[in-house]
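S.K.: Mind having a look at this structure? Questions to follow.
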Amino acid sequence: MAEVEVRDIRKSFGGGSAAVDGISLTCGNGEYLVLLGPSGCGKTTLLRMIAGLEHPTGGDILIGGRSVRGLPPRARKIAMVFQSYALYPHKKVEQNISFPLEAQGMSREERIEKVKWASGLLGIGHLLQRKPRQLSGGERQRVALARALVREPQVFLLDEPLSNLDAKLRASARLELKQFQQRVGISTIYVTHDQVEAMGLGDRIAVLNQGRLQQVGTPEEIYHRPANTFVATFVGSPPMNLVSRDGKLVGFRPENIELEKTAGSRDDAAVFHSRVLRIENLGADRYVYLRVQDDKGDTNIIAKLPIDHPLHVAADDDADVIVRKRHLRMFDRDSGEETAA
Ligand code: ATP
């Protein structure tokens, strides 16, 4: 395993704005770093540059402390697993896994040993004689991982490897992937646009937008201390509410709202007068859609309240939105950056 560092890396495909616009970032030894951002923000381009499949327009990439500029993909000791696993359909699982080793000229005995080791680690030893079409999506994914693993890479690059799986399988594949990474201890950079995946898998998350790094931090930091309004509203479902007050944007999470008919005056909390628009029951929680009065006139927000929590208001009622001070985040109204209270 090895540390991966990108320094002021850029990629422009010509025309318009750069796909990756000066990103500096480090994935530590054995770390699981998730690149998170909306479609088109430059995640795949960044990953492809690290793999050596795309030439940077500027900046540098270091793997294990050494610049890999000019090195072909094979010399970088990296394994990349894509969204489409690209297994050879006419080859058995065993041959699919050992193919990169054959290409390296490794002896048959060694190859058999390696396939045994990797398939054992991933729990697919019983599938070696099958063809890819005889496998489930999750099993195919594990074969692709095994094929990447036999090359003993220093770094794993994974580009939305779970996106072909249904929701239930995704959850179990996520668990497997994390346990596997912890067992092998390999530095991993994982691309996704799915914030649940990012929060669940990442030791740290790097949030990207329009080719730029917005914030890098632990899932807790990203969620509780977003660096700007982009991160605040991209991470979290429903997203952080933003209300304009005293020349600033005040942010608070839907689950940090208390609702009362009248709050009275509170020292420990901010109070916003509102009207209840609609209440949705969603099993464990209910969403309360509210229109609050703020500096702009009014703004729609959402409160997320546990279903067993007594609710004293109904649709079309006036209600006071109460948010404890420790749950408030302040952002500059023009730049969107976090500011002091
Ligand atoms: P997604 O989640 O949809 O895969 P992404 O965040 O991975 O998106 P990239 O694929 O890195 O985004 O693309 C970033 C930007 O660069 C996009 O605007 C895309 O259209 C552009 N782009 C990517 N590859 C090329 C290319 N080969 N030629 C021209 N433009 C490209």
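Convention: chains lettered A, B, ... in structure tokens order; per-chain residue numbering from 1; ligands numbered from 1 as shown.
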At a cut-off of 9 Å around ligand 1, and using only C-alpha atoms and all ligand atoms, what residues come up? Please write them as a compact mmCIF listing (two decimals) with N, CA, C and O atoms, in the first residue's frame.
M.R.:
# COMPACT_ATOMS: atom_id res chain seq x y z
N LYS A 11 -7.19 19.35 -15.39
CA LYS A 11 -7.45 18.74 -16.69
C LYS A 11 -8.45 19.58 -17.45
O LYS A 11 -9.55 19.86 -16.96
N SER A 12 -8.03 20.01 -18.63
CA SER A 12 -8.95 20.74 -19.48
C SER A 12 -9.06 19.97 -20.78
O SER A 12 -8.05 19.53 -21.34
N PHE A 13 -10.30 19.74 -21.23
CA PHE A 13 -10.49 19.03 -22.49
C PHE A 13 -10.63 20.01 -23.64
O PHE A 13 -11.10 19.66 -24.71
N GLY A 14 -10.28 21.29 -23.40
CA GLY A 14 -10.48 22.32 -24.42
C GLY A 14 -11.90 22.84 -24.31
O GLY A 14 -12.76 22.18 -23.75
N GLY A 15 -12.15 24.05 -24.83
CA GLY A 15 -13.49 24.63 -24.69
C GLY A 15 -13.80 24.89 -23.24
O GLY A 15 -12.97 24.61 -22.38
N GLY A 16 -14.93 25.44 -22.92
CA GLY A 16 -15.49 25.69 -21.58
C GLY A 16 -14.54 25.66 -20.40
O GLY A 16 -13.33 25.86 -20.52
N SER A 17 -15.10 25.34 -19.23
CA SER A 17 -14.30 25.34 -18.01
C SER A 17 -13.58 23.99 -17.85
O SER A 17 -13.95 23.00 -18.46
N ALA A 18 -12.55 23.98 -16.99
CA ALA A 18 -11.75 22.77 -16.79
C ALA A 18 -12.56 21.69 -16.10
O ALA A 18 -13.37 21.98 -15.21
N ALA A 19 -12.35 20.42 -16.50
CA ALA A 19 -13.05 19.30 -15.86
C ALA A 19 -12.53 19.11 -14.44
O ALA A 19 -13.28 18.79 -13.52
N VAL A 20 -11.22 19.27 -14.25
CA VAL A 20 -10.61 19.27 -12.92
C VAL A 20 -9.77 20.54 -12.83
O VAL A 20 -8.91 20.79 -13.66
N LEU A 35 -14.40 10.13 -3.11
CA LEU A 35 -14.63 11.36 -3.88
C LEU A 35 -16.12 11.44 -4.15
O LEU A 35 -16.69 10.56 -4.80
N LEU A 36 -16.76 12.49 -3.64
CA LEU A 36 -18.21 12.62 -3.74
C LEU A 36 -18.56 13.91 -4.47
O LEU A 36 -17.98 14.97 -4.18
N GLY A 37 -19.51 13.83 -5.38
CA GLY A 37 -19.95 15.05 -6.06
C GLY A 37 -20.98 14.74 -7.11
O GLY A 37 -21.16 13.57 -7.48
N PRO A 38 -21.67 15.76 -7.62
CA PRO A 38 -22.71 15.52 -8.61
C PRO A 38 -22.13 15.08 -9.95
O PRO A 38 -20.93 15.21 -10.18
N SER A 39 -23.00 14.58 -10.81
CA SER A 39 -22.59 14.14 -12.13
C SER A 39 -21.85 15.27 -12.86
O SER A 39 -22.30 16.41 -12.86
N GLY A 40 -20.71 14.95 -13.44
CA GLY A 40 -19.97 15.93 -14.24
C GLY A 40 -19.01 16.80 -13.44
O GLY A 40 -18.38 17.69 -14.00
N CYS A 41 -18.83 16.53 -12.13
CA CYS A 41 -17.98 17.40 -11.31
C CYS A 41 -16.50 17.10 -11.47
O CYS A 41 -15.66 17.82 -10.94
N GLY A 42 -16.16 16.01 -12.17
CA GLY A 42 -14.75 15.73 -12.44
C GLY A 42 -14.17 14.55 -11.69
O GLY A 42 -12.97 14.30 -11.76
N LYS A 43 -15.02 13.77 -10.99
CA LYS A 43 -14.54 12.66 -10.17
C LYS A 43 -13.81 11.60 -11.00
O LYS A 43 -12.69 11.20 -10.68
N THR A 44 -14.46 11.17 -12.08
CA THR A 44 -13.87 10.12 -12.90
C THR A 44 -12.60 10.61 -13.57
O THR A 44 -11.61 9.88 -13.66
N THR A 45 -12.61 11.85 -14.02
CA THR A 45 -11.42 12.41 -14.67
C THR A 45 -10.25 12.42 -13.69
O THR A 45 -9.12 12.05 -14.04
N LEU A 46 -10.50 12.80 -12.45
CA LEU A 46 -9.44 12.81 -11.43
C LEU A 46 -8.90 11.40 -11.20
O LEU A 46 -7.68 11.18 -11.16
N LEU A 47 -9.81 10.44 -11.10
CA LEU A 47 -9.40 9.05 -10.88
C LEU A 47 -8.58 8.51 -12.06
O LEU A 47 -7.57 7.83 -11.87
N ARG A 48 -9.03 8.85 -13.25
CA ARG A 48 -8.33 8.38 -14.46
C ARG A 48 -6.93 8.99 -14.57
O ARG A 48 -6.01 8.35 -15.07
N GLU A 54 -5.38 9.16 -18.21
CA GLU A 54 -5.66 10.51 -18.73
C GLU A 54 -4.46 11.38 -18.36
O GLU A 54 -3.96 11.27 -17.24
N ASP A 159 -14.45 3.12 -9.24
CA ASP A 159 -15.34 4.12 -9.83
C ASP A 159 -16.77 3.62 -9.82
O ASP A 159 -17.15 2.82 -10.68
N GLU A 160 -17.56 4.04 -8.87
CA GLU A 160 -18.96 3.63 -8.71
C GLU A 160 -19.15 2.13 -8.93
O GLU A 160 -19.98 1.71 -9.72
N VAL A 191 -14.97 6.50 -5.95
CA VAL A 191 -15.79 7.56 -6.53
C VAL A 191 -17.27 7.22 -6.44
O VAL A 191 -17.67 6.11 -6.77
N THR A 192 -18.07 8.18 -5.98
CA THR A 192 -19.52 7.98 -5.98
C THR A 192 -20.25 9.32 -6.01
O THR A 192 -19.69 10.34 -5.62
N HIS A 193 -21.50 9.28 -6.48
CA HIS A 193 -22.32 10.49 -6.33
C HIS A 193 -23.39 10.25 -5.26
O HIS A 193 -24.24 11.07 -5.02
N LEU A 208 -16.51 17.32 -4.24
CA LEU A 208 -16.13 18.08 -5.43
C LEU A 208 -17.34 18.73 -6.06
O LEU A 208 -18.44 18.17 -6.02
N ASN A 209 -17.14 19.89 -6.66
CA ASN A 209 -18.17 20.50 -7.49
C ASN A 209 -17.49 21.32 -8.57
O ASN A 209 -16.55 22.06 -8.29
N GLN A 210 -17.94 21.15 -9.80
CA GLN A 210 -17.41 21.89 -10.94
C GLN A 210 -15.88 21.87 -10.99
O GLN A 210 -15.24 22.90 -11.17
N GLY A 211 -15.32 20.70 -10.79
CA GLY A 211 -13.88 20.54 -10.92
C GLY A 211 -13.06 21.04 -9.75
O GLY A 211 -11.83 21.00 -9.79
S.K.: Could you go through stretch 124-195 of chain A and tell me which residues DSSP, when run on the backbone, assigns to strand (DSSP E), listing them as a ChimeraX atom specification?
M.R.: /A:155-159,187-192
S.K.: Considering only helix (DSSP H, G or I) as DSSP defines it on the backbone, what residues of stretch 22-237 of chain A qualify? List them as a VMD selection string.
M.R.: chain A and resid 43 to 51 73 to 76 93 to 103 108 to 121 125 to 127 132 to 134 137 to 149 167 to 184 195 to 201 219 to 224 229 to 234
S.K.: Could you check which of A:Glu337, A:Leu328, A:Asp294, A:Lys91 is closest to A:Arg133, using only C-alpha atoms?
M.R.: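 Of the candidates, the smallest distance to A:Arg133 is held by A:Lys91.
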S.K.: Got a sec: who's within 10 Å of A:Ala79, counting only C-alpha atoms, leaving out chain neighbours fewer than 5 positions off, as a short mmCIF file (atom, residue, chain, number, x, y, z; two decimals) with all heavy atoms, in the first residue's frame?
M.R.:
data_model
loop_
_atom_site.label_atom_id
_atom_site.label_comp_id
_atom_site.auth_asym_id
_atom_site.auth_seq_id
_atom_site.Cartn_x
_atom_site.Cartn_y
_atom_site.Cartn_z
N ALA A 51 -4.77 7.01 -12.26
CA ALA A 51 -4.49 5.70 -12.85
C ALA A 51 -3.52 5.79 -14.02
O ALA A 51 -2.93 4.79 -14.42
CB ALA A 51 -5.79 5.06 -13.31
N PRO A 73 0.12 3.39 -17.00
CA PRO A 73 -0.73 2.82 -15.95
C PRO A 73 -0.12 1.58 -15.29
O PRO A 73 -0.14 1.46 -14.07
CB PRO A 73 -2.02 2.45 -16.69
CG PRO A 73 -2.05 3.35 -17.87
CD PRO A 73 -0.63 3.65 -18.24
N ARG A 74 0.45 0.69 -16.10
CA ARG A 74 0.94 -0.58 -15.57
C ARG A 74 2.06 -0.38 -14.54
O ARG A 74 2.19 -1.12 -13.59
CB ARG A 74 1.44 -1.44 -16.72
CG ARG A 74 1.24 -2.90 -16.46
CD ARG A 74 1.78 -3.73 -17.58
NE ARG A 74 1.28 -3.27 -18.88
CZ ARG A 74 1.88 -3.59 -20.03
NH1 ARG A 74 2.96 -4.30 -20.05
NH2 ARG A 74 1.37 -3.16 -21.16
N LEU A 145 -13.09 -7.46 -8.39
CA LEU A 145 -12.18 -7.07 -7.31
C LEU A 145 -11.03 -8.07 -7.18
O LEU A 145 -9.88 -7.68 -6.99
CB LEU A 145 -12.94 -6.98 -5.98
CG LEU A 145 -13.81 -5.75 -5.79
CD1 LEU A 145 -14.69 -5.91 -4.54
CD2 LEU A 145 -12.96 -4.50 -5.65
N ARG A 147 -9.82 -9.92 -9.52
CA ARG A 147 -8.91 -9.74 -10.66
C ARG A 147 -7.98 -8.54 -10.42
O ARG A 147 -6.81 -8.55 -10.80
CB ARG A 147 -9.73 -9.52 -11.94
CG ARG A 147 -8.85 -9.43 -13.16
CD ARG A 147 -9.64 -9.34 -14.43
NE ARG A 147 -10.52 -8.18 -14.44
CZ ARG A 147 -11.34 -7.91 -15.43
NH1 ARG A 147 -11.42 -8.70 -16.47
NH2 ARG A 147 -12.09 -6.83 -15.38
N ALA A 148 -8.53 -7.51 -9.77
CA ALA A 148 -7.69 -6.34 -9.47
C ALA A 148 -6.67 -6.68 -8.37
O ALA A 148 -5.53 -6.26 -8.40
CB ALA A 148 -8.57 -5.18 -9.02
N LEU A 149 -7.12 -7.51 -7.43
CA LEU A 149 -6.30 -7.80 -6.24
C LEU A 149 -5.09 -8.68 -6.54
O LEU A 149 -4.03 -8.49 -5.94
CB LEU A 149 -7.21 -8.50 -5.23
CG LEU A 149 -6.71 -8.65 -3.82
CD1 LEU A 149 -6.55 -7.27 -3.20
CD2 LEU A 149 -7.69 -9.46 -3.00
N VAL A 150 -5.23 -9.62 -7.47
CA VAL A 150 -4.12 -10.56 -7.72
C VAL A 150 -2.86 -9.84 -8.20
O VAL A 150 -1.75 -10.35 -8.07
CB VAL A 150 -4.46 -11.67 -8.75
CG1 VAL A 150 -5.41 -12.67 -8.15
CG2 VAL A 150 -4.99 -11.09 -10.05
N ARG A 151 -3.04 -8.64 -8.73
CA ARG A 151 -1.87 -7.89 -9.19
C ARG A 151 -1.14 -7.22 -8.03
O ARG A 151 -0.16 -6.52 -8.22
CB ARG A 151 -2.30 -6.85 -10.23
CG ARG A 151 -2.74 -7.52 -11.52
CD ARG A 151 -3.41 -6.54 -12.45
NE ARG A 151 -2.67 -5.31 -12.56
CZ ARG A 151 -3.21 -4.12 -12.77
NH1 ARG A 151 -4.51 -4.01 -12.89
NH2 ARG A 151 -2.46 -3.06 -12.87
N GLU A 152 -1.65 -7.44 -6.80
CA GLU A 152 -1.07 -6.84 -5.60
C GLU A 152 -0.78 -5.36 -5.77
O GLU A 152 0.36 -4.90 -5.68
CB GLU A 152 0.20 -7.59 -5.19
CG GLU A 152 -0.14 -9.01 -4.77
CD GLU A 152 1.02 -9.69 -4.07
OE1 GLU A 152 1.87 -8.99 -3.54
OE2 GLU A 152 1.02 -10.93 -4.08
N PRO A 153 -1.84 -4.61 -6.04
CA PRO A 153 -1.66 -3.17 -6.24
C PRO A 153 -1.33 -2.47 -4.94
O PRO A 153 -1.59 -3.00 -3.86
CB PRO A 153 -3.04 -2.73 -6.74
CG PRO A 153 -3.99 -3.71 -6.14
CD PRO A 153 -3.25 -5.01 -6.09
N GLN A 154 -0.72 -1.30 -5.05
CA GLN A 154 -0.47 -0.47 -3.86
C GLN A 154 -1.69 0.37 -3.55
O GLN A 154 -1.86 0.85 -2.44
CB GLN A 154 0.67 0.49 -4.13
CG GLN A 154 1.97 -0.18 -4.47
CD GLN A 154 3.08 0.81 -4.35
OE1 GLN A 154 3.26 1.44 -3.32
NE2 GLN A 154 3.83 0.98 -5.42
N VAL A 155 -2.51 0.58 -4.58
CA VAL A 155 -3.66 1.48 -4.45
C VAL A 155 -4.82 0.90 -5.24
O VAL A 155 -4.63 0.38 -6.34
CB VAL A 155 -3.33 2.88 -5.04
CG1 VAL A 155 -4.52 3.80 -4.91
CG2 VAL A 155 -2.10 3.48 -4.36
N PHE A 156 -6.01 1.00 -4.67
CA PHE A 156 -7.24 0.60 -5.34
C PHE A 156 -7.99 1.85 -5.78
O PHE A 156 -8.23 2.75 -4.96
CB PHE A 156 -8.15 -0.12 -4.35
CG PHE A 156 -8.36 -1.56 -4.65
CD1 PHE A 156 -8.53 -2.45 -3.62
CD2 PHE A 156 -8.44 -2.02 -5.96
CE1 PHE A 156 -8.74 -3.80 -3.87
CE2 PHE A 156 -8.63 -3.36 -6.22
CZ PHE A 156 -8.78 -4.25 -5.17
N LEU A 157 -8.39 1.92 -7.03
CA LEU A 157 -9.24 3.01 -7.50
C LEU A 157 -10.57 2.40 -7.92
O LEU A 157 -10.61 1.55 -8.80
CB LEU A 157 -8.60 3.73 -8.68
CG LEU A 157 -7.19 4.30 -8.46
CD1 LEU A 157 -6.69 4.96 -9.74
CD2 LEU A 157 -7.18 5.29 -7.31
N LEU A 158 -11.64 2.82 -7.28
CA LEU A 158 -12.95 2.23 -7.56
C LEU A 158 -13.90 3.31 -8.05
O LEU A 158 -14.11 4.31 -7.36
CB LEU A 158 -13.52 1.58 -6.29
CG LEU A 158 -12.64 0.54 -5.59
CD1 LEU A 158 -13.30 0.07 -4.29
CD2 LEU A 158 -12.39 -0.65 -6.48
N THR A 188 -7.38 3.17 -0.68
CA THR A 188 -8.48 3.07 -1.64
C THR A 188 -9.08 4.45 -1.92
O THR A 188 -9.38 5.20 -0.99
CB THR A 188 -9.59 2.14 -1.09
OG1 THR A 188 -9.02 0.85 -0.85
CG2 THR A 188 -10.76 2.00 -2.04
#
S.K.: Skipping near chain neighbours, those fewer than 2 positions away, what residues fall within 12 Å of A:Thr233 using only C-alpha atoms, listed as a list in words?
M.R.: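 With the cut-off at 12 Å, the set is Gly37, Pro38, Gln195, Val207, Ile222, Tyr223, His224, Arg225, Pro226, Ala227, Asn228, Thr229, Phe230, Val231, Val235, Gly236, Ser237, Pro238, Pro239, Met240, Asn241, Leu242, Gly251, Phe252, Arg253, Pro254, Ile301 and Gly336 of chain A.
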S.K.: Which residue is closest to A:Pro132? Choose from A:Ala232, A:Ala75, A:Ala86, A:Ile23 and count only C-alpha atoms.
M.R.: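 With only C-alpha atoms as the atom set, the closest residue is A:Ala86.
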S.K.: Which residue, A:Gly59, A:Gly105, A:Gly52, A:Gly217, has the smallest gap to A:Cys27 when you use only C-alpha atoms?
M.R.: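 Selected residue with least distance to A:Cys27: A:Gly217.
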S.K.: Please identify all polymer residues within 8 Å of A:Glu255, counting only C-alpha atoms, omitting same-chain residues fewer than 2 positions from it, and present them as a list in words.
M.R.: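 Neighbouring residues, sequence-local ones excluded: Arg253, Ile257, Ala303, Lys304 and Leu305 of chain A.
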S.K.: Got time to write the residues from that selection, N, CA and C atoms, as a JSON list (two decimals), in the first residue's frame?
M.R.:
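Wrote out04.json, looks like this:
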[["chain", "number", "residue", "atom", "x", "y", "z"],
["A", 253, "ARG", "N", -30.07, 21.49, 10.24],
["A", 253, "ARG", "CA", -30.51, 20.20, 9.71],
["A", 253, "ARG", "C", -31.99, 19.95, 10.04],
["A", 257, "ILE", "N", -34.81, 20.37, 14.27],
["A", 257, "ILE", "CA", -35.90, 21.34, 14.44],
["A", 257, "ILE", "C", -36.88, 20.83, 15.51],
["A", 303, "ALA", "N", -38.74, 19.95, 8.16],
["A", 303, "ALA", "CA", -38.38, 19.39, 9.46],
["A", 303, "ALA", "C", -38.56, 17.88, 9.40],
["A", 304, "LYS", "N", -37.63, 17.15, 10.03],
["A", 304, "LYS", "CA", -37.73, 15.69, 10.07],
["A", 304, "LYS", "C", -37.88, 15.29, 11.53],
["A", 305, "LEU", "N", -39.03, 14.75, 11.87],
["A", 305, "LEU", "CA", -39.33, 14.47, 13.28],
["A", 305, "LEU", "C", -39.67, 12.99, 13.44]]
